[in-house]
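J.: Attaching a single structure in structure tokens format; questions to follow.
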Amino acid sequence: MRPETRPGHDAERRRVVGRVLDSGPFALRLEAPGFPAHAPGQFAMLQLDPGLERVDPLLPRPMAVYRREGDALEFRFRPVGRGTRIMGSLAPGEAVAVVGPLGRGFRLPEGAALLVGGGTGIASLYELARDSSGPLRVALGAATQAELLGLEDFRALDCELSVSTEDGSAGRKGRVTDGLGIRPGESVYACGPNGMLRAVAALAEEARAPCSVSLESTMACGFGICLGCVVPVRDGFRYLCTQGPVLDAGELCWEDLP
Amino acid sequence: MRPETRPGHDAERRRVVGRVLDSGPFALRLEAPGFPAHAPGQFAMLQLDPGLERVDPLLPRPMAVYRREGDALEFRFRPVGRGTRIMGSLAPGEAVAVVGPLGRGFRLPEGAALLVGGGTGIASLYELARDSSGPLRVALGAATQAELLGLEDFRALDCELSVSTEDGSAGRKGRVTDGLGIRPGESVYACGPNGMLRAVAALAEEARAPCSVSLESTMACGFGICLGCVVPVRDGFRYLCTQGPVLDAGELCWEDLP
Amino acid sequence: MTPDLSTELAGIPLRNPVLLASGTAGYGTEMLPFVQLEQLGGLVAKSLTLEPRTGNPPPRIAETPAGMLNAISLENVGVDAFLADKLPALPPHATLIASCFGTEPGLYARVCERLDAADGLAGIEINASCPHVKSGGIEFGQDPASLSELIRACRPATELPLLVKLSPNVTSIAEMARVCEGEGADGICLINAVQALMVDPETRRPVLANGLGGLSGPAILPIALRMVYQAAQAVSLPICGIGGIRSAADAVAFLLCGATAIQVGTANYANPSAAVEIRDGLADYCRRHGIAAVSELIGALRV
Amino acid sequence: MTPDLSTELAGIPLRNPVLLASGTAGYGTEMLPFVQLEQLGGLVAKSLTLEPRTGNPPPRIAETPAGMLNAISLENVGVDAFLADKLPALPPHATLIASCFGTEPGLYARVCERLDAADGLAGIEINASCPHVKSGGIEFGQDPASLSELIRACRPATELPLLVKLSPNVTSIAEMARVCEGEGADGICLINAVQALMVDPETRRPVLANGLGGLSGPAILPIALRMVYQAAQAVSLPICGIGGIRSAADAVAFLLCGATAIQVGTANYANPSAAVEIRDGLADYCRRHGIAAVSELIGALRV
Ligand SMILES: Cc1cc2nc3c(=O)[nH]c(=O)nc-3n(C[C@H](O)[C@H](O)[C@H](O)COP(=O)(O)OP(=O)(O)OC[C@H]3O[C@@H](n4cnc5c(N)ncnc54)[C@H](O)[C@@H]3O)c2cc1C
Ligand SMILES: Cc1cc2nc3c(=O)[nH]c(=O)nc-3n(C[C@H](O)[C@H](O)[C@H](O)COP(=O)(O)OP(=O)(O)OC[C@H]3O[C@@H](n4cnc5c(N)ncnc54)[C@H](O)[C@@H]3O)c2cc1C
Ligand SMILES: Cc1cc2nc3c(=O)[nH]c(=O)nc-3n(C[C@H](O)[C@H](O)[C@H](O)COP(=O)(O)O)c2cc1C
Ligand SMILES: Cc1cc2nc3c(=O)[nH]c(=O)nc-3n(C[C@H](O)[C@H](O)[C@H](O)COP(=O)(O)O)c2cc1C
Ligand code: FES
Ligand code: FES
């Protein structure tokens, strides 16, 4: 059983119909008054057609809350399919339903922390970085410069930031995990593609550092009613939407993850 | 059998992917180079999702060509359902597939003509009015001022124009057929709701005036492959997309029309 | 005028015709942030087996055009944990129907017995129609003789109203409905998901780990509506209509075709408040059409 | 590398696996502005009856979530007018399959005879599965014995490759496929539209004048794919996959499940150039995956 103290677990959740403030290929900002307080690493389900008039795509899309400022909720993403493409081309004022906050987010680090974000996984880490109080290192990687979501925001934080891109268009050329060392006493927090998480988890295990990873899976509901979002752990499955998306790296069956 | 000389019957037709120039709740203008020449009263099928990525709504929507200027194709409509609502909220540059020109349009009047347009039916009449050379009367009616599609354009034509709205917000208060008289020698051309067309046809019959009406029906294809668009005539059915949308008032089974 | 939304399903009085479908509303508590269960007709909880059951490996769900595919495979906490932990957590005035499942008639019957002994249940729905469980399930709902046998096993196991949830994967839904009537079921619920398959052309594998799955959502609504209509023509049992319902207009269509109540399934994922919105929309519809009681709509299709 | 797109269906060599489905491409000439028929695998023309036939009154079609409902009721010019007027108007190198329909086996057989005597046909598809014609049609495709009888009547009437188009409205598509194999059909085509109903809550009437109709389009793709897969497991007859196909990715999925060719139906309405785009997309897919011949995909699902 997961500890019941994980932030966000007992948080109030709600469905709020927000309005688009602005939207572009990598970001969506909504005016969403009434959306309850959330913890870093929690997510929301975004229904781009709140009246269910056009039911293709039918299901809402899970998105980490990148940042909240007042009533403005911000999401960061890459247009990979229909949902994210629509998300990036909404006109200001359009309605979007937001269900959340959902899932168990990150526990705030108690000491030094290393945050590793790959691609769209970066979006789950910004508020954790912002709210951390101990010594902080952040390593961000993406395929190319444009996909280094929110880089400016991380730059403005008091942290040791390293950046890499696979095509070398920004920062070091290579993968975010290349040459990544874990320093003694650091806790590790990671979000990104499974391959990256696997590599980070292996490094953490070697360094005996606690390691929390935020995963993705296909989700229909986001709050425990469809049972669709399982990920394999040592003793069975976890529902990623209610028991995750943040899990301890050590409990996952990495070999069964895609 | 319909005469084979109806304009548009043998016209070349094509599928062209156009780009939105502008769009609003009552009008859509597309840049559609390569769209073949059309005749007044012909229509097009508009597919708002040319790549068939979002298949709800799935089918293209039939729309009369309101006007063509160079490569700009203009459509006028009222947002009544999903398709027309989407049509009215497209961003400039978005792609829309246009199949057409389709159907048999109006034969240009040889003498005096009376054009009667009701509601969105007005859209089918503008080019007929513009291209008519004989004495011309135009009667336009709608529920309310905003739905008098293209009124300014008709005003700029050399014709005797009368306007009515059901709520009295523009022109005479009442229906377009109220007090409508057909003058000797006039041919009648009408497009609008079936109730209005029925009334116009009755007036024309009484006055023994030739009367062409442009009808609507549900359409899946617009060019004869689904056989879905039948309307009842004296000797069976007509396919509205290939044998219409303009039909002789006299051949219709008005009592079987909805 | 406040229209009377109340209806009755197989002897179960319902505040209104809108229920939540089994497997799409968890055990009810998950819905509480979005729906007050007492405001709905009722809740059909996730299907229960005698023992706790783990489902299929992921991926278990996938989106399809206007629908979704699932192969959860009836993962559930088991009937005992349900009665001990889940049932007591529900608001006391919610109308609750339990759903039961087993791989053979005897196992179904034992679940029915335990449910029968519990307090706070308004009825039992037998899930005779899971489209992707390999043993049991689909056979019961697809073969008249097995369906008979199943109902015959469950009927004596409970005095609660017994509803049978039918599979759409049959040649004649009328025939299956008649079997239910003949065996003394109190009502029928239809449809469950339609057996289906999606393939990923990039990996050349089925999208779901299980291969086959069940298709649900708006895509199947016209199929469900047809089957409800055909079943209503065939039997006089009360019918609960299910399949792709997402709006009050959809719900009205099912009532007109002969359903006395409806269940909202996949739409709960798309909008967890869908069921309350449908209930409110039904009231609006009645008001707009001058209908005093929603029950006037049942079977009132003009043909 | 130019991938080899050729395939074969029931002895009919096809330039590529993409055909136009019966009833969704008229008699072929209507498609010429949008599609060069010689660039496709082939065309299955609108189903023909012995005598000309008028269909249902309007409304005959309606849109549904990601699909459409139709009850055209097999309106057609009749086999003689087809042979006299329609067939000669088609481009000489197009591969043409005629579809035949009747209300009893003998009438089907007589259509087959006339078609057999004609020049320029590559094969005959028997439409055993019209979901909304009241006499005949649905019974043949839903009942194994009637299906046997139907094939037995048609088989001797022609030496052309004989394809049987199956109904999805059955409990076991495998059983129906086996009947076709047993009776000497050369191939099977599936699926036809799924029997369905839509109701207009405002008028409280069925949306279609006919009441019931056939559901087609992307909504049914996952059902069609499942049935093609099940049929391919059950028989060794060649299979032509139909149902909701709108993209090359969809076509690949059907080939992987065991279809040797596919037909594009409702997508022709949504985009009259869909079939050519699918053909081009298949070539791209093969190139991208280093596949030399599209036939390598047939049945290559990894399970
Ligand atoms: C808890 C959680 C938080 C997330 N936060 C973010 C975020 O902050 N930013 C971001 O860009 N993305 C995030 N994602 C991933 C995001 O949900 C998917 O990229 C999105 O749903 C894809 O939708 P689509 O319609 O654009 O793509 P689709 O057309 O649905 O699919 C495109 C591709 O994405 C894959 N895919 C589809 N759905 C998912 C899914 N739910 N998870 C993973 N892959 C999927 C498909 O297999 C396909 O390869 C998060 C996912 C989860 C589970
Ligand atoms: C040849 C032809 C030319 C037309 N030209 C114009 C035009 O210039 N301007 C204009 O505003 N409209 C025109 N129409 C009507 C237009 O096609 C419909 O209003 C439109 O398809 C509705 O689509 P929707 O998605 O907005 O509505 P839906 O959500 O599909 O339906 C909304 C309402 O409109 C009705 N409806 C749906 N489709 C049609 C249809 N094809 N014909 C009639 N009623 C329908 C429905 O029954 C419903 O009551 C024309 C129709 C035809 C057949
Ligand atoms: C993810 C999922 C899980 C389901 N689980 C069950 C179940 O446990 N028992 C059951 O009887 N039906 C189950 N169903 C079927 C639904 O209750 C319903 O019959 C079906 O989805 C059709 O309705 P819909 O289109 O409104 O979803 C499930 C459906 C889905 C989508
Ligand atoms: C309007 C319409 C008419 C059809 N007419 C016929 C027909 O005459 N004969 C036939 O065998 N199938 C007919 N069909 C069925 C299609 O050929 C096809 O099997 C079905 O629509 C499923 O494929 P789709 O989803 O790609 O459309 C028709 C389908 C539609 C939509
Ligand atoms: S996404 Fe539905 S249970 Fe997790
Ligand atoms: S709209 Fe398809 S035949 Fe007329």
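Ligands are numbered from 1 in the order shown, chains are lettered A, B, ... in the order of the structure tokens, and residues start at 1 in each chain.
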Determine which residues of region 4-251 of chain A DSSP labels as alpha helix (DSSP H) from the backbone of this structure, then write them out as a ChimeraX atom specification.
T.: /A:82-87,126-131,151-155,194-207,240-243
J.: Restricting the output to N, CA, C and O atoms, write the selected residues as a compact mmCIF listing (two decimals), in the first residue's frame.
T.:
# COMPACT_ATOMS: atom_id res chain seq x y z
N ARG A 82 -4.06 14.12 -32.09
CA ARG A 82 -5.21 15.00 -32.31
C ARG A 82 -5.46 15.92 -31.13
O ARG A 82 -5.68 17.11 -31.27
N GLY A 83 -5.45 15.31 -29.94
CA GLY A 83 -5.79 16.08 -28.75
C GLY A 83 -4.84 17.24 -28.53
O GLY A 83 -5.25 18.39 -28.36
N THR A 84 -3.56 16.96 -28.55
CA THR A 84 -2.58 18.01 -28.29
C THR A 84 -2.55 19.02 -29.44
O THR A 84 -2.26 20.20 -29.21
N ARG A 85 -2.86 18.58 -30.66
CA ARG A 85 -2.92 19.56 -31.75
C ARG A 85 -4.08 20.52 -31.55
O ARG A 85 -3.94 21.73 -31.75
N ILE A 86 -5.23 19.97 -31.15
CA ILE A 86 -6.38 20.84 -30.90
C ILE A 86 -6.06 21.79 -29.75
O ILE A 86 -6.32 22.99 -29.81
N MET A 87 -5.48 21.21 -28.70
CA MET A 87 -5.11 21.99 -27.52
C MET A 87 -4.27 23.21 -27.87
O MET A 87 -4.38 24.25 -27.24
N TYR A 126 8.23 21.69 -13.07
CA TYR A 126 8.52 23.10 -12.81
C TYR A 126 8.12 23.53 -11.40
O TYR A 126 8.92 24.14 -10.67
N GLU A 127 6.93 23.20 -10.99
CA GLU A 127 6.50 23.65 -9.66
C GLU A 127 7.26 22.96 -8.54
O GLU A 127 7.49 23.55 -7.46
N LEU A 128 7.67 21.73 -8.80
CA LEU A 128 8.51 21.04 -7.81
C LEU A 128 9.83 21.80 -7.65
O LEU A 128 10.29 22.04 -6.53
N ALA A 129 10.42 22.19 -8.77
CA ALA A 129 11.67 22.96 -8.73
C ALA A 129 11.44 24.28 -8.01
O ALA A 129 12.20 24.68 -7.14
N ARG A 130 10.38 24.95 -8.39
CA ARG A 130 10.10 26.27 -7.82
C ARG A 130 9.91 26.19 -6.31
O ARG A 130 10.36 27.05 -5.56
N ASP A 131 9.23 25.15 -5.85
CA ASP A 131 8.85 25.06 -4.44
C ASP A 131 9.88 24.35 -3.57
O ASP A 131 9.69 24.25 -2.36
N LEU A 151 11.92 26.44 -20.49
CA LEU A 151 13.33 26.62 -20.12
C LEU A 151 13.56 27.97 -19.43
O LEU A 151 14.26 28.05 -18.40
N GLU A 152 12.94 29.03 -19.98
CA GLU A 152 13.11 30.37 -19.38
C GLU A 152 12.72 30.38 -17.90
O GLU A 152 13.38 31.02 -17.07
N ASP A 153 11.63 29.66 -17.60
CA ASP A 153 11.16 29.67 -16.21
C ASP A 153 12.15 28.97 -15.28
O ASP A 153 12.40 29.42 -14.16
N PHE A 154 12.71 27.87 -15.75
CA PHE A 154 13.70 27.18 -14.93
C PHE A 154 14.94 28.05 -14.76
O PHE A 154 15.55 28.09 -13.71
N ARG A 155 15.30 28.77 -15.83
CA ARG A 155 16.49 29.64 -15.76
C ARG A 155 16.33 30.68 -14.67
O ARG A 155 17.32 31.09 -14.05
N ASN A 194 9.80 6.59 -20.79
CA ASN A 194 10.16 5.44 -19.96
C ASN A 194 11.63 5.07 -20.06
O ASN A 194 12.25 4.70 -19.05
N GLY A 195 12.18 5.17 -21.24
CA GLY A 195 13.60 4.83 -21.42
C GLY A 195 14.48 5.70 -20.54
O GLY A 195 15.39 5.22 -19.87
N MET A 196 14.17 6.99 -20.52
CA MET A 196 14.93 7.91 -19.68
C MET A 196 14.73 7.58 -18.20
O MET A 196 15.69 7.54 -17.42
N LEU A 197 13.50 7.32 -17.83
CA LEU A 197 13.21 7.02 -16.42
C LEU A 197 13.95 5.77 -15.98
O LEU A 197 14.48 5.69 -14.86
N ARG A 198 13.98 4.80 -16.87
CA ARG A 198 14.69 3.55 -16.57
C ARG A 198 16.16 3.85 -16.28
O ARG A 198 16.73 3.35 -15.30
N ALA A 199 16.76 4.69 -17.14
CA ALA A 199 18.17 5.03 -16.96
C ALA A 199 18.39 5.79 -15.65
O ALA A 199 19.33 5.51 -14.90
N VAL A 200 17.48 6.73 -15.36
CA VAL A 200 17.61 7.49 -14.13
C VAL A 200 17.47 6.56 -12.92
O VAL A 200 18.23 6.65 -11.94
N ALA A 201 16.49 5.68 -13.00
CA ALA A 201 16.26 4.77 -11.88
C ALA A 201 17.48 3.89 -11.63
O ALA A 201 17.84 3.61 -10.48
N ALA A 202 18.14 3.47 -12.72
CA ALA A 202 19.33 2.63 -12.57
C ALA A 202 20.45 3.41 -11.89
O ALA A 202 21.11 2.91 -10.99
N LEU A 203 20.64 4.67 -12.31
CA LEU A 203 21.65 5.51 -11.68
C LEU A 203 21.34 5.69 -10.20
O LEU A 203 22.24 5.61 -9.34
N ALA A 204 20.07 5.94 -9.89
CA ALA A 204 19.67 6.18 -8.50
C ALA A 204 19.89 4.93 -7.67
O ALA A 204 20.37 5.00 -6.53
N GLU A 205 19.56 3.79 -8.26
CA GLU A 205 19.73 2.56 -7.51
C GLU A 205 21.21 2.35 -7.17
O GLU A 205 21.55 2.03 -6.03
N GLU A 206 22.04 2.58 -8.19
CA GLU A 206 23.47 2.43 -8.01
C GLU A 206 23.97 3.36 -6.89
O GLU A 206 24.76 2.98 -6.04
N ALA A 207 23.45 4.60 -6.91
CA ALA A 207 23.88 5.59 -5.90
C ALA A 207 23.10 5.45 -4.60
O ALA A 207 23.30 6.23 -3.67
N LEU A 240 -2.39 4.32 -12.17
CA LEU A 240 -1.53 5.49 -12.25
C LEU A 240 -2.27 6.77 -11.90
O LEU A 240 -1.68 7.73 -11.40
N CYS A 241 -3.57 6.80 -12.11
CA CYS A 241 -4.29 8.06 -11.89
C CYS A 241 -4.55 8.33 -10.42
O CYS A 241 -4.63 9.48 -10.01
N THR A 242 -4.69 7.29 -9.62
CA THR A 242 -4.98 7.51 -8.21
C THR A 242 -3.80 7.15 -7.33
O THR A 242 -3.60 7.75 -6.28
N GLN A 243 -3.01 6.18 -7.74
CA GLN A 243 -1.87 5.77 -6.93
C GLN A 243 -0.59 6.40 -7.45
O GLN A 243 0.44 6.36 -6.80
J.: Name the residues of region 5-202 of chain B that come out as strand (DSSP E) in a backbone DSSP run; write them as a ChimeraX atom specification.
T.: /B:14-24,27-31,43-47,61-64,67-69,72-76,95-102,113-118,136-142,160-165,172-173,187-191
J.: Sorted by chain and rising residue number, which residues of chain D lie within 12 Å of ligand 2, and what are their closest atom pairs and distances in Å to one decimal, counting only C-alpha atoms and all ligand atoms, as JSON lines?
T.:
{"residue": "D:Pro58", "atom": "CA", "partner": "ligand 2", "partner_atom_place_in_ligand_line": "42 (N)", "distance": 11.9}
{"residue": "D:Pro59", "atom": "CA", "partner": "ligand 2", "partner_atom_place_in_ligand_line": "47 (O)", "distance": 9.8}
{"residue": "D:Arg60", "atom": "CA", "partner": "ligand 2", "partner_atom_place_in_ligand_line": "41 (N)", "distance": 11.8}
{"residue": "D:Ile61", "atom": "CA", "partner": "ligand 2", "partner_atom_place_in_ligand_line": "38 (N)", "distance": 10.0}
{"residue": "D:Ala62", "atom": "CA", "partner": "ligand 2", "partner_atom_place_in_ligand_line": "38 (N)", "distance": 8.2}
{"residue": "D:Glu63", "atom": "CA", "partner": "ligand 2", "partner_atom_place_in_ligand_line": "30 (O)", "distance": 7.3}
{"residue": "D:Thr64", "atom": "CA", "partner": "ligand 2", "partner_atom_place_in_ligand_line": "30 (O)", "distance": 9.7}
{"residue": "D:Pro65", "atom": "CA", "partner": "ligand 2", "partner_atom_place_in_ligand_line": "29 (O)", "distance": 11.1}
{"residue": "D:Met68", "atom": "CA", "partner": "ligand 2", "partner_atom_place_in_ligand_line": "30 (O)", "distance": 11.5}
{"residue": "D:Val199", "atom": "CA", "partner": "ligand 2", "partner_atom_place_in_ligand_line": "47 (O)", "distance": 11.6}
{"residue": "D:Asp200", "atom": "CA", "partner": "ligand 2", "partner_atom_place_in_ligand_line": "47 (O)", "distance": 9.0}
{"residue": "D:Pro201", "atom": "CA", "partner": "ligand 2", "partner_atom_place_in_ligand_line": "49 (O)", "distance": 11.1}
{"residue": "D:Glu202", "atom": "CA", "partner": "ligand 2", "partner_atom_place_in_ligand_line": "49 (O)", "distance": 9.4}
{"residue": "D:Thr203", "atom": "CA", "partner": "ligand 2", "partner_atom_place_in_ligand_line": "49 (O)", "distance": 10.5}
{"residue": "D:Val207", "atom": "CA", "partner": "ligand 2", "partner_atom_place_in_ligand_line": "47 (O)", "distance": 8.9}
{"residue": "D:Leu208", "atom": "CA", "partner": "ligand 2", "partner_atom_place_in_ligand_line": "47 (O)", "distance": 11.1}
J.: Could you dump the residues just selected with C-alpha atoms as a tab-separated table (two decimals), in the first residue's frame?
T.:
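The result, stored in again33.tsv:
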chain	number	residue	atom	x	y	z
D	58	PRO	CA	-36.69	10.17	-47.51
D	59	PRO	CA	-35.04	10.68	-45.10
D	60	ARG	CA	-32.78	7.85	-46.17
D	61	ILE	CA	-29.61	8.90	-44.44
D	62	ALA	CA	-28.55	10.50	-41.18
D	63	GLU	CA	-25.29	11.31	-39.54
D	64	THR	CA	-24.30	9.52	-36.32
D	65	PRO	CA	-21.27	9.89	-34.06
D	68	MET	CA	-23.88	7.43	-40.71
D	199	VAL	CA	-34.52	8.61	-33.09
D	200	ASP	CA	-35.26	12.31	-33.22
D	201	PRO	CA	-36.31	13.34	-29.72
D	202	GLU	CA	-38.08	16.42	-31.07
D	203	THR	CA	-40.40	14.58	-33.46
D	207	VAL	CA	-34.82	9.71	-38.06
D	208	LEU	CA	-35.07	7.53	-41.16
J.: Identify, counting only C-alpha atoms and all ligand atoms, the protein, DNA and RNA residues located within 8 Å of ligand 5, and give them as a CSV table (one decimal) with all heavy atoms, in the first residue's frame.
T.:
chain,number,residue,atom,x,y,z
A,218,THR,N,-2.1,5.4,-20.7
A,218,THR,CA,-3.4,5.8,-21.3
A,218,THR,C,-4.4,5.9,-20.2
A,218,THR,O,-4.5,5.0,-19.4
A,218,THR,CB,-3.8,4.7,-22.4
A,218,THR,OG1,-2.7,4.3,-23.1
A,218,THR,CG2,-4.8,5.3,-23.3
A,219,MET,N,-5.2,7.0,-20.3
A,219,MET,CA,-6.2,7.2,-19.2
A,219,MET,C,-7.5,7.5,-19.9
A,219,MET,O,-7.5,8.3,-20.8
A,219,MET,CB,-5.7,8.3,-18.3
A,219,MET,CG,-4.5,8.0,-17.5
A,219,MET,SD,-4.2,9.4,-16.3
A,219,MET,CE,-2.9,8.6,-15.4
A,220,ALA,N,-8.6,7.0,-19.4
A,220,ALA,CA,-9.9,7.4,-19.8
A,220,ALA,C,-10.5,8.4,-18.9
A,220,ALA,O,-11.1,9.4,-19.3
A,220,ALA,CB,-10.8,6.2,-20.0
A,221,CYS,N,-10.3,8.1,-17.6
A,221,CYS,CA,-11.1,9.0,-16.6
A,221,CYS,C,-10.2,9.9,-15.8
A,221,CYS,O,-10.5,11.0,-15.5
A,221,CYS,CB,-11.9,8.1,-15.7
A,221,CYS,SG,-10.9,7.1,-14.5
A,222,GLY,N,-9.0,9.3,-15.3
A,222,GLY,CA,-8.1,10.1,-14.5
A,222,GLY,C,-8.4,10.1,-13.0
A,222,GLY,O,-7.7,10.7,-12.2
A,223,PHE,N,-9.5,9.4,-12.6
A,223,PHE,CA,-9.8,9.4,-11.1
A,223,PHE,C,-10.3,8.1,-10.6
A,223,PHE,O,-11.1,8.0,-9.6
A,223,PHE,CB,-10.7,10.6,-10.7
A,223,PHE,CG,-12.0,10.6,-11.4
A,223,PHE,CD1,-13.2,10.0,-10.8
A,223,PHE,CD2,-12.2,11.1,-12.7
A,223,PHE,CE1,-14.4,10.0,-11.4
A,223,PHE,CE2,-13.4,11.1,-13.3
A,223,PHE,CZ,-14.5,10.6,-12.7
A,224,GLY,N,-10.0,7.0,-11.3
A,224,GLY,CA,-10.2,5.7,-10.6
A,224,GLY,C,-11.4,4.9,-11.0
A,224,GLY,O,-11.7,3.9,-10.5
A,225,ILE,N,-12.2,5.4,-12.1
A,225,ILE,CA,-13.4,4.7,-12.4
A,225,ILE,C,-13.3,3.8,-13.6
A,225,ILE,O,-14.2,3.0,-13.9
A,225,ILE,CB,-14.6,5.6,-12.6
A,225,ILE,CG1,-14.4,6.7,-13.7
A,225,ILE,CG2,-15.0,6.3,-11.2
A,225,ILE,CD1,-15.6,7.4,-14.1
A,226,CYS,N,-12.2,3.9,-14.4
A,226,CYS,CA,-12.2,3.0,-15.6
A,226,CYS,C,-11.2,1.8,-15.4
A,226,CYS,O,-11.3,0.8,-16.1
A,226,CYS,CB,-11.8,3.8,-16.8
A,226,CYS,SG,-10.1,4.3,-17.0
A,227,LEU,N,-10.3,1.9,-14.5
A,227,LEU,CA,-9.3,0.9,-14.2
A,227,LEU,C,-8.4,0.6,-15.4
A,227,LEU,O,-7.8,-0.4,-15.6
A,227,LEU,CB,-9.9,-0.4,-13.7
A,227,LEU,CG,-10.9,-0.3,-12.6
A,227,LEU,CD1,-11.3,-1.6,-12.0
A,227,LEU,CD2,-10.4,0.6,-11.4
A,228,GLY,N,-8.3,1.7,-16.3
A,228,GLY,CA,-7.5,1.5,-17.5
A,228,GLY,C,-6.1,1.8,-17.4
A,228,GLY,O,-5.3,1.4,-18.3
A,229,CYS,N,-5.6,2.5,-16.4
A,229,CYS,CA,-4.3,3.1,-16.4
A,229,CYS,C,-3.3,2.4,-15.6
A,229,CYS,O,-2.3,3.0,-15.1
A,229,CYS,CB,-4.5,4.5,-15.8
A,229,CYS,SG,-5.1,4.4,-14.1
A,230,VAL,N,-3.4,1.1,-15.5
A,230,VAL,CA,-2.4,0.3,-14.7
A,230,VAL,C,-1.0,0.3,-15.2
A,230,VAL,O,-0.8,0.3,-16.4
A,230,VAL,CB,-2.9,-1.1,-14.5
A,230,VAL,CG1,-4.0,-1.2,-13.5
A,230,VAL,CG2,-3.2,-1.8,-15.8
A,239,TYR,N,-2.8,1.7,-10.1
A,239,TYR,CA,-3.6,2.6,-10.9
A,239,TYR,C,-2.8,4.0,-11.0
A,239,TYR,O,-2.7,4.6,-10.0
A,239,TYR,CB,-5.0,2.8,-10.3
A,239,TYR,CG,-5.7,1.6,-10.2
A,239,TYR,CD1,-6.2,1.1,-9.0
A,239,TYR,CD2,-6.0,0.8,-11.4
A,239,TYR,CE1,-6.9,-0.1,-8.9
A,239,TYR,CE2,-6.7,-0.4,-11.3
A,239,TYR,CZ,-7.2,-0.8,-10.1
A,239,TYR,OH,-7.9,-2.0,-10.0
A,240,LEU,N,-2.4,4.3,-12.2
A,240,LEU,CA,-1.5,5.5,-12.3
A,240,LEU,C,-2.3,6.8,-11.9
A,240,LEU,O,-1.7,7.7,-11.4
A,240,LEU,CB,-0.9,5.6,-13.7
A,240,LEU,CG,0.4,6.4,-13.7
A,240,LEU,CD1,1.5,5.6,-13.0
A,240,LEU,CD2,0.8,6.7,-15.1
A,241,CYS,N,-3.6,6.8,-12.1
A,241,CYS,CA,-4.3,8.1,-11.9
A,241,CYS,C,-4.6,8.3,-10.4
A,241,CYS,O,-4.6,9.5,-10.0
A,241,CYS,CB,-5.6,8.1,-12.7
A,241,CYS,SG,-6.9,7.0,-12.1
A,242,THR,N,-4.7,7.3,-9.6
A,242,THR,CA,-5.0,7.5,-8.2
A,242,THR,C,-3.8,7.1,-7.3
A,242,THR,O,-3.6,7.8,-6.3
A,242,THR,CB,-6.2,6.7,-7.7
A,242,THR,OG1,-6.0,5.3,-8.2
A,242,THR,CG2,-7.5,7.2,-8.4
C,269,TYR,N,-16.5,9.1,-18.2
C,269,TYR,CA,-15.1,9.4,-18.4
C,269,TYR,C,-14.9,10.7,-19.1
C,269,TYR,O,-14.0,11.5,-18.7
C,269,TYR,CB,-14.4,8.3,-19.2
C,269,TYR,CG,-14.6,6.9,-18.7
C,269,TYR,CD1,-14.6,5.9,-19.7
C,269,TYR,CD2,-14.7,6.6,-17.4
C,269,TYR,CE1,-14.8,4.5,-19.3
C,269,TYR,CE2,-14.9,5.3,-17.0
C,269,TYR,CZ,-15.0,4.3,-17.9
C,269,TYR,OH,-15.1,3.0,-17.5
J.: Between D:Thr7, D:Ala248, D:Ala157, D:Leu37, which residue has the minimum interatomic distance to Arg114 (chain D), considering only C-alpha atoms?
T.: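 Under the stated criterion, the closest residue is D:Ala157.
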J.: Identify, counting only C-alpha atoms and all ligand atoms, the protein, DNA and RNA residues located within 7 Å of ligand 3, and give them as a ChimeraX atom specification.
T.: /A:226-228 /C:21-24,46-47,68-70,72,74,99,127,129-130,165,190-193,216-218,220-221,242-245,263-267
J.: Using only C-alpha atoms, which chain A residues lie at most 9 Å away from chain B, written as a list in words?
T.: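 So the residues of chain A near chain B are Glu53, Arg54, Val55, Asp56, Pro57, Arg82 and Ala91 of chain A.
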J.: Write out as a PyMOL selection string the residues lying within 10 Å of Leu282 (chain C), counting only C-alpha atoms and excluding same-chain residues fewer than 3 positions away.
T.: chain C and resi 3+5+16-18+247-252+276-279+285-288+294
